[in-house]
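Participant: File follows, target_23.json with JSON, C-alpha atoms:
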```json
[["chain", "number", "residue", "atom", "x", "y", "z"],
["A", 122, "MET", "CA", 44.57, -22.11, -4.58],
["A", 123, "ASN", "CA", 42.87, -23.91, -7.44],
["A", 124, "ALA", "CA", 41.11, -21.42, -9.73],
["A", 125, "THR", "CA", 37.83, -23.32, -9.44],
["A", 126, "SER", "CA", 37.88, -22.83, -5.67],
["A", 127, "ARG", "CA", 38.33, -19.08, -5.83],
["A", 128, "GLN", "CA", 36.25, -17.18, -3.27],
["A", 129, "VAL", "CA", 34.12, -14.38, -4.73],
["A", 130, "ARG", "CA", 32.38, -11.80, -2.56],
["A", 131, "VAL", "CA", 29.03, -10.65, -3.90],
["A", 132, "ALA", "CA", 26.77, -7.86, -2.66],
["A", 133, "ALA", "CA", 23.02, -7.81, -3.35],
["A", 134, "VAL", "CA", 21.59, -4.37, -2.61],
["A", 135, "GLN", "CA", 18.01, -4.02, -1.35],
["A", 136, "PRO", "CA", 17.40, -0.26, -1.49],
["A", 137, "ARG", "CA", 14.27, 1.77, -0.83],
["A", 138, "GLY", "CA", 12.36, 2.66, -3.94],
["A", 139, "PHE", "CA", 12.69, 5.91, -5.88],
["A", 140, "PRO", "CA", 9.79, 5.68, -8.36],
["A", 141, "PHE", "CA", 9.79, 8.52, -10.92],
["A", 142, "ASP", "CA", 13.09, 9.78, -9.44],
["A", 143, "SER", "CA", 16.02, 8.45, -11.45],
["A", 144, "ALA", "CA", 18.51, 10.98, -10.11],
["A", 145, "SER", "CA", 18.04, 9.78, -6.52],
["A", 146, "ALA", "CA", 18.16, 6.15, -7.63],
["A", 147, "VAL", "CA", 21.46, 6.72, -9.41],
["A", 148, "ASP", "CA", 22.78, 8.46, -6.29],
["A", 149, "ARG", "CA", 21.93, 5.31, -4.34],
["A", 150, "VAL", "CA", 23.60, 3.07, -6.92],
["A", 151, "CYS", "CA", 26.80, 5.09, -6.63],
["A", 152, "ALA", "CA", 26.77, 5.21, -2.82],
["A", 153, "ALA", "CA", 25.86, 1.54, -2.34],
["A", 154, "THR", "CA", 28.46, 0.42, -4.88],
["A", 155, "ALA", "CA", 31.17, 2.30, -2.98],
["A", 156, "GLU", "CA", 29.92, 0.89, 0.33],
["A", 157, "ALA", "CA", 29.83, -2.68, -0.98],
["A", 158, "ALA", "CA", 33.27, -2.42, -2.55],
["A", 159, "GLY", "CA", 34.55, -1.16, 0.78],
["A", 160, "GLN", "CA", 33.37, -4.47, 2.22],
["A", 161, "GLY", "CA", 35.27, -6.39, -0.44],
["A", 162, "ALA", "CA", 32.49, -7.02, -2.97],
["A", 163, "GLU", "CA", 33.66, -7.80, -6.51],
["A", 164, "LEU", "CA", 30.13, -7.98, -7.89],
["A", 165, "VAL", "CA", 27.32, -5.62, -6.81],
["A", 166, "VAL", "CA", 23.73, -6.33, -7.88],
["A", 167, "PHE", "CA", 20.70, -4.01, -7.85],
["A", 168, "PRO", "CA", 16.99, -4.85, -8.37],
["A", 169, "GLU", "CA", 14.74, -4.92, -11.39],
["A", 170, "ALA", "CA", 13.65, -1.47, -12.61],
["A", 171, "PHE", "CA", 15.45, 0.30, -9.77],
["A", 172, "VAL", "CA", 16.47, 3.33, -11.84],
["A", 173, "GLY", "CA", 13.24, 4.65, -13.32],
["A", 174, "GLY", "CA", 11.07, 2.71, -10.91],
["A", 175, "TYR", "CA", 8.78, -0.28, -10.77],
["A", 176, "PRO", "CA", 5.30, 1.34, -10.55],
["A", 177, "TRP", "CA", 3.52, -0.96, -8.10],
["A", 178, "GLY", "CA", -0.21, -0.31, -7.89],
["A", 179, "LEU", "CA", -0.57, 1.99, -10.91],
["A", 180, "ALA", "CA", -2.81, 1.18, -13.87],
["A", 181, "PHE", "CA", -2.03, 4.44, -15.73],
["A", 182, "GLY", "CA", -5.72, 5.18, -16.14],
["A", 183, "THR", "CA", -6.37, 2.14, -18.34],
["A", 184, "ALA", "CA", -9.33, -0.13, -18.81],
["A", 185, "VAL", "CA", -10.18, -2.44, -21.68],
["A", 186, "GLY", "CA", -11.15, -0.08, -24.47],
["A", 187, "GLY", "CA", -10.14, 3.15, -22.73],
["A", 188, "ARG", "CA", -7.30, 5.35, -21.49],
["A", 189, "LYS", "CA", -7.69, 8.39, -19.25],
["A", 190, "PRO", "CA", -5.80, 11.64, -19.91],
["A", 191, "ALA", "CA", -4.37, 11.62, -16.37],
["A", 192, "GLY", "CA", -2.93, 8.19, -17.04],
["A", 193, "ARG", "CA", -1.31, 9.38, -20.25],
["A", 194, "ARG", "CA", 0.24, 12.32, -18.41],
["A", 195, "THR", "CA", 1.57, 10.01, -15.71],
["A", 196, "PHE", "CA", 3.03, 7.69, -18.32],
["A", 197, "GLY", "CA", 4.70, 10.71, -19.91],
["A", 198, "ARG", "CA", 6.28, 11.48, -16.56],
["A", 199, "TYR", "CA", 7.37, 7.85, -16.20],
["A", 200, "TRP", "CA", 8.88, 7.98, -19.71],
["A", 201, "GLU", "CA", 10.83, 11.12, -18.79],
["A", 202, "ALA", "CA", 12.21, 9.32, -15.70],
["A", 203, "ALA", "CA", 13.56, 6.48, -17.86],
["A", 204, "VAL", "CA", 17.23, 6.54, -18.85],
["A", 205, "GLN", "CA", 19.00, 6.45, -22.18],
["A", 206, "VAL", "CA", 21.74, 3.89, -22.78],
["A", 207, "PRO", "CA", 24.30, 5.33, -23.06],
["A", 208, "GLY", "CA", 23.43, 8.55, -21.32],
["A", 209, "PRO", "CA", 24.34, 10.71, -18.33],
["A", 210, "GLU", "CA", 22.90, 8.25, -15.81],
["A", 211, "THR", "CA", 24.76, 5.28, -17.26],
["A", 212, "ARG", "CA", 27.98, 7.29, -17.34],
["A", 213, "ARG", "CA", 27.60, 8.03, -13.61],
["A", 214, "MET", "CA", 26.98, 4.37, -12.81],
["A", 215, "ALA", "CA", 29.91, 3.30, -14.99],
["A", 216, "GLU", "CA", 32.15, 5.73, -13.11],
["A", 217, "ALA", "CA", 30.90, 4.32, -9.81],
["A", 218, "ALA", "CA", 31.88, 0.82, -10.96],
["A", 219, "ARG", "CA", 35.30, 2.09, -12.06],
["A", 220, "SER", "CA", 35.92, 3.92, -8.78],
["A", 221, "ALA", "CA", 34.88, 0.85, -6.81],
["A", 222, "GLY", "CA", 36.84, -1.57, -8.98],
["A", 223, "ALA", "CA", 33.79, -3.83, -9.12],
["A", 224, "TYR", "CA", 31.38, -5.36, -11.59],
["A", 225, "VAL", "CA", 27.93, -3.80, -11.16],
["A", 226, "ALA", "CA", 24.54, -4.97, -12.47],
["A", 227, "VAL", "CA", 21.64, -2.49, -12.32],
["A", 228, "GLY", "CA", 17.99, -2.78, -13.33],
["A", 229, "VAL", "CA", 16.77, 0.32, -15.20],
["A", 230, "ILE", "CA", 13.84, 1.53, -17.25],
["A", 231, "GLU", "CA", 15.36, 2.30, -20.63],
["A", 232, "ARG", "CA", 14.14, 4.61, -23.36],
["A", 233, "GLY", "CA", 15.64, 5.48, -26.71],
["A", 234, "ALA", "CA", 16.62, 1.93, -27.65],
["A", 235, "PRO", "CA", 17.72, 1.46, -31.28],
["A", 236, "HIS", "CA", 14.78, 0.91, -33.64],
["A", 237, "SER", "CA", 12.29, 1.54, -30.78],
["A", 238, "PRO", "CA", 13.08, 5.08, -29.60],
["A", 239, "SER", "CA", 9.74, 5.80, -27.93],
["A", 240, "THR", "CA", 9.21, 2.40, -26.29],
["A", 241, "LEU", "CA", 10.27, 1.70, -22.71],
["A", 242, "PHE", "CA", 12.15, -1.46, -21.80],
["A", 243, "CYS", "CA", 12.87, -3.12, -18.47],
["A", 244, "THR", "CA", 16.62, -3.56, -18.84],
["A", 245, "LEU", "CA", 19.52, -5.02, -16.87],
["A", 246, "LEU", "CA", 22.87, -3.26, -17.37],
["A", 247, "TYR", "CA", 26.31, -4.75, -16.70],
["A", 248, "PHE", "CA", 29.24, -2.44, -15.88],
["A", 249, "THR", "CA", 32.90, -3.47, -15.53],
["A", 250, "PRO", "CA", 35.62, -2.29, -13.13],
["A", 251, "ALA", "CA", 37.06, -0.40, -16.11],
["A", 252, "GLY", "CA", 33.92, 1.75, -16.21],
["A", 253, "GLU", "CA", 32.58, 0.18, -19.39],
["A", 254, "LEU", "CA", 29.11, -1.08, -20.26],
["A", 255, "ALA", "CA", 29.80, -4.77, -20.89],
["A", 256, "GLY", "CA", 26.28, -5.70, -21.96],
["A", 257, "LEU", "CA", 22.58, -5.27, -21.43],
["A", 258, "HIS", "CA", 19.51, -7.48, -21.33],
["A", 259, "ARG", "CA", 16.04, -6.23, -22.23],
["A", 260, "LYS", "CA", 13.22, -8.20, -20.62],
["A", 261, "LEU", "CA", 11.83, -10.59, -23.22],
["A", 262, "LYS", "CA", 8.27, -10.79, -21.88],
["A", 263, "PRO", "CA", 6.80, -8.22, -19.52],
["A", 264, "THR", "CA", 4.28, -9.81, -17.17],
["A", 265, "ALA", "CA", 0.55, -9.01, -17.08],
["A", 266, "ALA", "CA", -0.04, -5.23, -16.73],
["A", 267, "GLU", "CA", 3.67, -4.55, -17.28],
["A", 268, "ARG", "CA", 2.81, -4.93, -20.97],
["A", 269, "LEU", "CA", 0.93, -1.63, -20.78],
["A", 270, "ILE", "CA", 4.17, 0.26, -20.17],
["A", 271, "TRP", "CA", 7.12, -1.87, -21.39],
["A", 272, "GLY", "CA", 8.01, -3.34, -24.75],
["A", 273, "GLU", "CA", 9.52, -6.77, -25.40],
["A", 274, "GLY", "CA", 13.24, -7.31, -25.84],
["A", 275, "ASP", "CA", 14.67, -9.68, -28.43],
["A", 276, "GLY", "CA", 17.30, -12.40, -28.53],
["A", 277, "SER", "CA", 20.12, -9.99, -29.30],
["A", 278, "THR", "CA", 20.41, -8.99, -25.63],
["A", 279, "LEU", "CA", 21.08, -12.26, -23.80],
["A", 280, "PRO", "CA", 24.63, -11.65, -22.56],
["A", 281, "VAL", "CA", 26.75, -13.67, -20.22],
["A", 282, "VAL", "CA", 29.61, -11.45, -19.08],
["A", 283, "GLU", "CA", 33.05, -12.99, -18.74],
["A", 284, "THR", "CA", 34.76, -11.85, -15.53],
["A", 285, "PRO", "CA", 38.02, -13.03, -13.93],
["A", 286, "PHE", "CA", 36.01, -14.97, -11.36],
["A", 287, "ALA", "CA", 32.89, -16.28, -13.17],
["A", 288, "LYS", "CA", 30.53, -16.04, -16.09],
["A", 289, "VAL", "CA", 27.77, -13.68, -14.97],
["A", 290, "GLY", "CA", 24.33, -13.39, -16.56],
["A", 291, "GLY", "CA", 20.66, -13.84, -15.86],
["A", 292, "LEU", "CA", 17.03, -13.02, -16.49],
["A", 293, "ILE", "CA", 14.57, -10.52, -15.04],
["A", 294, "CYS", "CA", 11.72, -11.51, -12.70],
["A", 295, "TRP", "CA", 9.15, -13.84, -14.31],
["A", 296, "GLU", "CA", 11.32, -14.44, -17.35],
["A", 297, "ASN", "CA", 12.80, -16.96, -14.95],
["A", 298, "TYR", "CA", 9.61, -19.02, -15.29],
["A", 299, "MET", "CA", 10.40, -19.47, -19.01],
["A", 300, "PRO", "CA", 12.20, -22.86, -19.22],
["A", 301, "LEU", "CA", 13.71, -22.18, -22.63],
["A", 302, "ALA", "CA", 15.05, -18.80, -21.56],
["A", 303, "ARG", "CA", 16.75, -20.43, -18.58],
["A", 304, "MET", "CA", 18.16, -23.11, -20.84],
["A", 305, "ALA", "CA", 19.62, -20.43, -23.11],
["A", 306, "MET", "CA", 21.51, -19.01, -20.13],
["A", 307, "TYR", "CA", 22.73, -22.43, -19.00],
["A", 308, "GLY", "CA", 23.95, -23.08, -22.53],
["A", 309, "LYS", "CA", 26.14, -19.98, -22.26],
["A", 310, "GLY", "CA", 27.78, -21.39, -19.16],
["A", 311, "VAL", "CA", 26.37, -18.95, -16.58],
["A", 312, "GLU", "CA", 27.97, -19.49, -13.17],
["A", 313, "ILE", "CA", 26.58, -16.56, -11.18],
["A", 314, "TYR", "CA", 22.97, -16.22, -12.27],
["A", 315, "LEU", "CA", 21.29, -12.87, -11.54],
["A", 316, "ALA", "CA", 17.53, -12.77, -10.99],
["A", 317, "PRO", "CA", 16.54, -9.17, -10.19],
["A", 318, "THR", "CA", 12.82, -9.03, -9.47],
["A", 319, "ALA", "CA", 9.78, -7.20, -8.14],
["A", 320, "ASP", "CA", 8.28, -10.39, -6.65],
["A", 321, "ALA", "CA", 8.49, -10.46, -2.85],
["A", 322, "ARG", "CA", 6.35, -13.52, -2.25],
["A", 323, "ASP", "CA", 7.68, -16.56, -0.42],
["A", 324, "ARG", "CA", 7.06, -18.77, -3.46],
["A", 325, "TRP", "CA", 9.67, -16.73, -5.37],
["A", 326, "GLN", "CA", 12.33, -18.19, -3.10],
["A", 327, "ALA", "CA", 11.36, -21.63, -4.36],
["A", 328, "THR", "CA", 11.97, -20.40, -7.92],
["A", 329, "LEU", "CA", 15.44, -19.13, -7.04],
["A", 330, "ARG", "CA", 16.30, -22.43, -5.35],
["A", 331, "HIS", "CA", 15.06, -24.37, -8.36],
["A", 332, "ILE", "CA", 17.23, -22.34, -10.74],
["A", 333, "ALA", "CA", 20.26, -22.95, -8.54],
["A", 334, "LEU", "CA", 19.60, -26.69, -8.54],
["A", 335, "GLU", "CA", 18.71, -26.87, -12.22],
["A", 336, "GLY", "CA", 21.64, -24.79, -13.47],
["A", 337, "ARG", "CA", 24.05, -25.86, -10.72],
["A", 338, "CYS", "CA", 24.99, -22.20, -10.41],
["A", 339, "PHE", "CA", 24.92, -19.51, -7.76],
["A", 340, "VAL", "CA", 21.73, -17.45, -7.89],
["A", 341, "VAL", "CA", 21.45, -13.85, -6.70],
["A", 342, "GLY", "CA", 17.84, -12.71, -6.29],
["A", 343, "CYS", "CA", 17.58, -8.95, -5.74],
["A", 344, "ASN", "CA", 14.52, -6.82, -4.89],
["A", 345, "GLN", "CA", 13.57, -3.40, -3.49],
["A", 346, "PHE", "CA", 11.83, -2.28, -0.31],
["A", 347, "VAL", "CA", 9.07, 0.06, -1.51],
["A", 348, "ALA", "CA", 6.27, 1.87, 0.34],
["A", 349, "LYS", "CA", 3.51, 4.21, -0.83],
["A", 350, "GLU", "CA", 5.33, 7.09, 0.84],
["A", 351, "HIS", "CA", 8.18, 6.68, -1.64],
["A", 352, "TYR", "CA", 5.99, 7.93, -4.50],
["A", 353, "PRO", "CA", 5.90, 11.64, -5.38],
["A", 354, "ALA", "CA", 2.81, 13.15, -3.75],
["A", 355, "ASP", "CA", 1.79, 14.96, -6.94],
["A", 356, "ILE", "CA", 1.33, 11.85, -9.12],
["A", 357, "GLU", "CA", -2.16, 12.34, -10.57],
["A", 358, "ILE", "CA", -3.31, 8.73, -10.36],
["A", 359, "LEU", "CA", -2.25, 7.84, -6.82],
["A", 360, "ASP", "CA", -5.89, 7.02, -6.05],
["A", 361, "GLU", "CA", -5.35, 3.81, -8.06],
["A", 362, "MET", "CA", -3.26, 2.58, -5.11],
["A", 363, "ALA", "CA", -5.99, 3.09, -2.51],
["A", 364, "ASP", "CA", -6.56, -0.62, -1.89],
["A", 365, "TRP", "CA", -2.87, -1.49, -1.79],
["A", 366, "PRO", "CA", -0.99, -1.92, 1.52],
["A", 367, "ASP", "CA", 1.34, 0.82, 2.77],
["A", 368, "VAL", "CA", 4.33, -1.45, 2.10],
["A", 369, "LEU", "CA", 4.09, -2.29, -1.59],
["A", 370, "CYS", "CA", 7.14, -4.55, -1.70],
["A", 371, "PRO", "CA", 8.91, -5.90, 1.42],
["A", 372, "GLY", "CA", 11.92, -7.16, -0.57],
["A", 373, "GLY", "CA", 13.16, -10.73, -0.34],
["A", 374, "THR", "CA", 16.73, -10.35, -1.61],
["A", 375, "SER", "CA", 18.63, -13.64, -1.24],
["A", 376, "VAL", "CA", 21.51, -15.78, -2.50],
["A", 377, "TYR", "CA", 21.55, -19.55, -3.13],
["A", 378, "ASP", "CA", 24.37, -21.98, -3.86],
["A", 379, "PRO", "CA", 24.52, -24.59, -6.68],
["A", 380, "LEU", "CA", 22.77, -27.19, -4.50],
["A", 381, "GLY", "CA", 19.92, -24.84, -3.68],
["A", 382, "GLN", "CA", 21.08, -24.07, -0.15],
["A", 383, "PRO", "CA", 20.60, -20.51, 1.16],
["A", 384, "VAL", "CA", 23.82, -18.52, 1.44],
["A", 385, "ALA", "CA", 22.26, -15.19, 2.51],
["A", 386, "GLY", "CA", 18.77, -13.87, 3.12],
["A", 387, "PRO", "CA", 15.99, -13.53, 2.36],
["A", 388, "LEU", "CA", 16.01, -9.93, 3.58],
["A", 389, "LEU", "CA", 12.44, -8.75, 4.24],
["A", 390, "GLY", "CA", 10.81, -5.62, 5.59],
["A", 391, "GLU", "CA", 13.84, -3.34, 5.45],
["A", 392, "THR", "CA", 16.58, -1.95, 3.28],
["A", 393, "GLY", "CA", 20.10, -3.30, 3.40],
["A", 394, "ILE", "CA", 22.95, -5.03, 1.59],
["A", 395, "LEU", "CA", 23.37, -8.80, 1.68],
["A", 396, "TYR", "CA", 26.94, -10.09, 1.38],
["A", 397, "ALA", "CA", 27.84, -13.60, 0.31],
["A", 398, "ASN", "CA", 31.18, -15.33, -0.14],
["A", 399, "LEU", "CA", 30.88, -17.76, -3.04],
["A", 400, "ASP", "CA", 33.23, -20.73, -3.45],
["A", 401, "MET", "CA", 33.39, -21.19, -7.22],
["A", 402, "GLY", "CA", 34.51, -24.79, -6.72],
["A", 403, "ASP", "CA", 30.96, -25.54, -5.60],
["A", 404, "ILE", "CA", 29.85, -25.35, -9.25],
["A", 405, "ALA", "CA", 32.00, -28.27, -10.46],
["A", 406, "ARG", "CA", 31.17, -30.24, -7.33],
["A", 407, "GLY", "CA", 27.47, -29.59, -7.87],
["A", 408, "LYS", "CA", 27.62, -30.73, -11.50],
["A", 409, "PHE", "CA", 29.13, -34.07, -10.49],
["A", 410, "ASP", "CA", 25.68, -35.66, -10.63],
["A", 411, "PHE", "CA", 23.70, -33.18, -12.75],
["A", 412, "ASP", "CA", 24.80, -30.95, -15.63],
["A", 413, "VAL", "CA", 21.77, -29.77, -17.58],
["A", 414, "VAL", "CA", 23.80, -28.92, -20.72],
["A", 415, "GLY", "CA", 26.48, -31.57, -20.19],
["A", 416, "HIS", "CA", 26.29, -35.22, -19.15],
["A", 417, "TYR", "CA", 22.60, -34.92, -18.18],
["A", 418, "ALA", "CA", 21.59, -33.52, -21.59],
["A", 419, "ARG", "CA", 20.12, -35.51, -24.48],
["A", 420, "PRO", "CA", 20.85, -33.43, -27.61],
["A", 421, "ASP", "CA", 19.89, -36.42, -29.74],
["A", 422, "VAL", "CA", 16.34, -36.01, -28.41],
["A", 423, "PHE", "CA", 16.02, -32.34, -27.36],
["A", 424, "ARG", "CA", 17.58, -29.23, -28.88],
["A", 425, "LEU", "CA", 17.04, -25.52, -28.30],
["A", 426, "ALA", "CA", 17.55, -22.99, -31.10],
["A", 427, "VAL", "CA", 17.95, -19.37, -29.95],
["A", 428, "ASN", "CA", 17.47, -16.50, -32.37],
["A", 429, "GLU", "CA", 19.98, -13.87, -31.24],
["A", 430, "ALA", "CA", 19.49, -11.53, -34.19],
["A", 431, "PRO", "CA", 18.03, -8.06, -33.54],
["A", 432, "SER", "CA", 14.32, -7.93, -34.34],
["A", 433, "ARG", "CA", 13.38, -4.92, -36.47],
["A", 434, "SER", "CA", 9.89, -3.81, -37.41],
["A", 435, "VAL", "CA", 11.17, -2.04, -40.53],
["A", 436, "SER", "CA", 14.10, -3.31, -42.55],
["A", 437, "GLY", "CA", 15.37, -1.58, -45.65],
["A", 438, "GLU", "CA", 16.08, -3.66, -48.72],
["A", 439, "GLN", "CA", 18.59, -2.64, -51.35],
["A", 440, "ARG", "CA", 17.87, -3.54, -54.94],
["A", 441, "GLN", "CA", 20.30, -3.46, -57.82]]
```
Mind converting the file's structure to structure tokens?

Facilitator:
Amino acid sequence: MNATSRQVRVAAVQPRGFPFDSASAVDRVCAATAEAAGQGAELVVFPEAFVGGYPWGLAFGTAVGGRKPAGRRTFGRYWEAAVQVPGPETRRMAEAARSAGAYVAVGVIERGAPHSPSTLFCTLLYFTPAGELAGLHRKLKPTAAERLIWGEGDGSTLPVVETPFAKVGGLICWENYMPLARMAMYGKGVEIYLAPTADARDRWQATLRHIALEGRCFVVGCNQFVAKEHYPADIEILDEMADWPDVLCPGGTSVYDPLGQPVAGPLLGETGILYANLDMGDIARGKFDFDVVGHYARPDVFRLAVNEAPSRSVSGEQRQ
């Protein structure tokens, strides 16, 4: 078989939420990875902020010009639920990838990042079948109220992971509305584009289809199924969720091919694992008439410069 026509089996996991409960989320990562590998998956994808939790409905006691003590205490609890990279949680997930013999991508809330040890980041981790952390991506621009709780990543964490079957990379949630960020990923040759998210709306499917068509790549959109009952009952600020529906996020996990056609999903209103068999030859066939960084590009007119250096608030200077 021609290498470009290799079939790759991908699993996109839509789990229930475990907000403020990283241990249970990691348990689910390990179990679902083993289950998916048992069904032949070579790449297993989990949603945005799955380990640590995406806190739908919570304002952490904030208003313009004020913060409530209960909100600070809840944020402290959220910070404690975040994971360090590397740390015990990442070691467990790496071992799950090694045992399964699969590549695994997991959305986490990260704390203890270099140069920003007390700031939280919404981060996507990539593990290899050898049980190694192959790369991570910190969300460049948290959206709206996410900026209350997460910091901004920099250009040093924009990996595309080389695997035997494809170049794998992507962006998190509404980063995918940033045209230049998408272009940076296309420029790195991404073939399986991951778009973990917390957006369950129908219009998000149009975004995933557009990325597939624009990048002529496979797109894996991955979300959680989360209800109010998944939150710990003793969270002090649960009253902030009073006007929210019982189901906070119905999911919407899906997979699209390089011509924007649905391969699997969307999965809505339940937990589950979507499986998709991807024909990698579809990428070259799709780029026959459109290659955004190839024959359809105009570098004489348009160019993108990406700063991939780490961004430090304090930098020491040595003088002679």

Participant: Point out the residue among A:Ser277, A:Thr328, A:Thr374, A:Gln135 with the least atom-to-atom distance to Val341 (chain A), counting only C-alpha atoms.

Facilitator: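 Selected residue with least distance to Val341 (chain A): A:Thr374.
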
Participant: May I ask for the distance between CA of Pro250 (chain A) and CA of Thr284 (chain A), given in Å to one decimal place?

Facilitator: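 Going from CA of Pro250 (chain A) over to CA of Thr284 (chain A) covers 9.9 Å.
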
Participant: What is the CA of Ala321 (chain A)-CA of Leu389 (chain A) distance in Å, reported with one decimal?

Facilitator: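 Result for CA of Ala321 (chain A) versus CA of Leu389 (chain A): 8.3 Å, one decimal.
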
Participant: I need the residue nearest Glu361 (chain A) from this list: A:Ser143, A:Asp400, A:Thr183, A:Arg137. Use only C-alpha atoms for the distance.

Facilitator: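 Closest residue, counting only C-alpha atoms: A:Thr183.
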
Participant: Nearest to Tyr298 (chain A): which of A:Gly192, A:Pro238, A:Gly187, A:Pro263 is it, counting all atoms listed in the file?

Facilitator: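 With all atoms listed in the file as the atom set, the closest residue is A:Pro263.
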
Participant: Kindly output region 298-312 of chain A as a JSON list (two decimals), keeping the file's coordinate frame, after building N, CA and C atoms.

Facilitator:
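This went into rebuild_17.json:
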```json
[["chain", "number", "residue", "atom", "x", "y", "z"],
["A", 298, "TYR", "N", 10.56, -17.92, -15.17],
["A", 298, "TYR", "CA", 9.61, -19.02, -15.29],
["A", 298, "TYR", "C", 9.57, -19.57, -16.71],
["A", 299, "MET", "N", 10.36, -19.02, -17.61],
["A", 299, "MET", "CA", 10.40, -19.47, -19.01],
["A", 299, "MET", "C", 11.51, -20.52, -19.14],
["A", 300, "PRO", "N", 11.16, -21.81, -19.22],
["A", 300, "PRO", "CA", 12.20, -22.86, -19.22],
["A", 300, "PRO", "C", 13.22, -22.69, -20.33],
["A", 301, "LEU", "N", 12.77, -22.28, -21.52],
["A", 301, "LEU", "CA", 13.71, -22.18, -22.63],
["A", 301, "LEU", "C", 14.66, -21.00, -22.45],
["A", 302, "ALA", "N", 14.17, -19.93, -21.84],
["A", 302, "ALA", "CA", 15.05, -18.80, -21.56],
["A", 302, "ALA", "C", 16.14, -19.20, -20.56],
["A", 303, "ARG", "N", 15.74, -19.94, -19.54],
["A", 303, "ARG", "CA", 16.75, -20.43, -18.58],
["A", 303, "ARG", "C", 17.77, -21.32, -19.29],
["A", 304, "MET", "N", 17.26, -22.20, -20.15],
["A", 304, "MET", "CA", 18.16, -23.11, -20.84],
["A", 304, "MET", "C", 19.16, -22.36, -21.71],
["A", 305, "ALA", "N", 18.71, -21.24, -22.32],
["A", 305, "ALA", "CA", 19.62, -20.43, -23.11],
["A", 305, "ALA", "C", 20.77, -19.91, -22.25],
["A", 306, "MET", "N", 20.46, -19.51, -21.02],
["A", 306, "MET", "CA", 21.51, -19.01, -20.13],
["A", 306, "MET", "C", 22.44, -20.14, -19.69],
["A", 307, "TYR", "N", 21.88, -21.29, -19.38],
["A", 307, "TYR", "CA", 22.73, -22.43, -19.00],
["A", 307, "TYR", "C", 23.66, -22.80, -20.14],
["A", 308, "GLY", "N", 23.14, -22.73, -21.37],
["A", 308, "GLY", "CA", 23.95, -23.08, -22.53],
["A", 308, "GLY", "C", 25.13, -22.15, -22.72],
["A", 309, "LYS", "N", 25.03, -20.93, -22.18],
["A", 309, "LYS", "CA", 26.14, -19.98, -22.26],
["A", 309, "LYS", "C", 27.11, -20.12, -21.09],
["A", 310, "GLY", "N", 26.84, -21.10, -20.23],
["A", 310, "GLY", "CA", 27.78, -21.39, -19.16],
["A", 310, "GLY", "C", 27.68, -20.48, -17.95],
["A", 311, "VAL", "N", 26.51, -19.88, -17.70],
["A", 311, "VAL", "CA", 26.37, -18.95, -16.58],
["A", 311, "VAL", "C", 26.73, -19.64, -15.27],
["A", 312, "GLU", "N", 27.53, -18.95, -14.46],
["A", 312, "GLU", "CA", 27.97, -19.49, -13.17],
["A", 312, "GLU", "C", 27.40, -18.70, -11.98]]
```
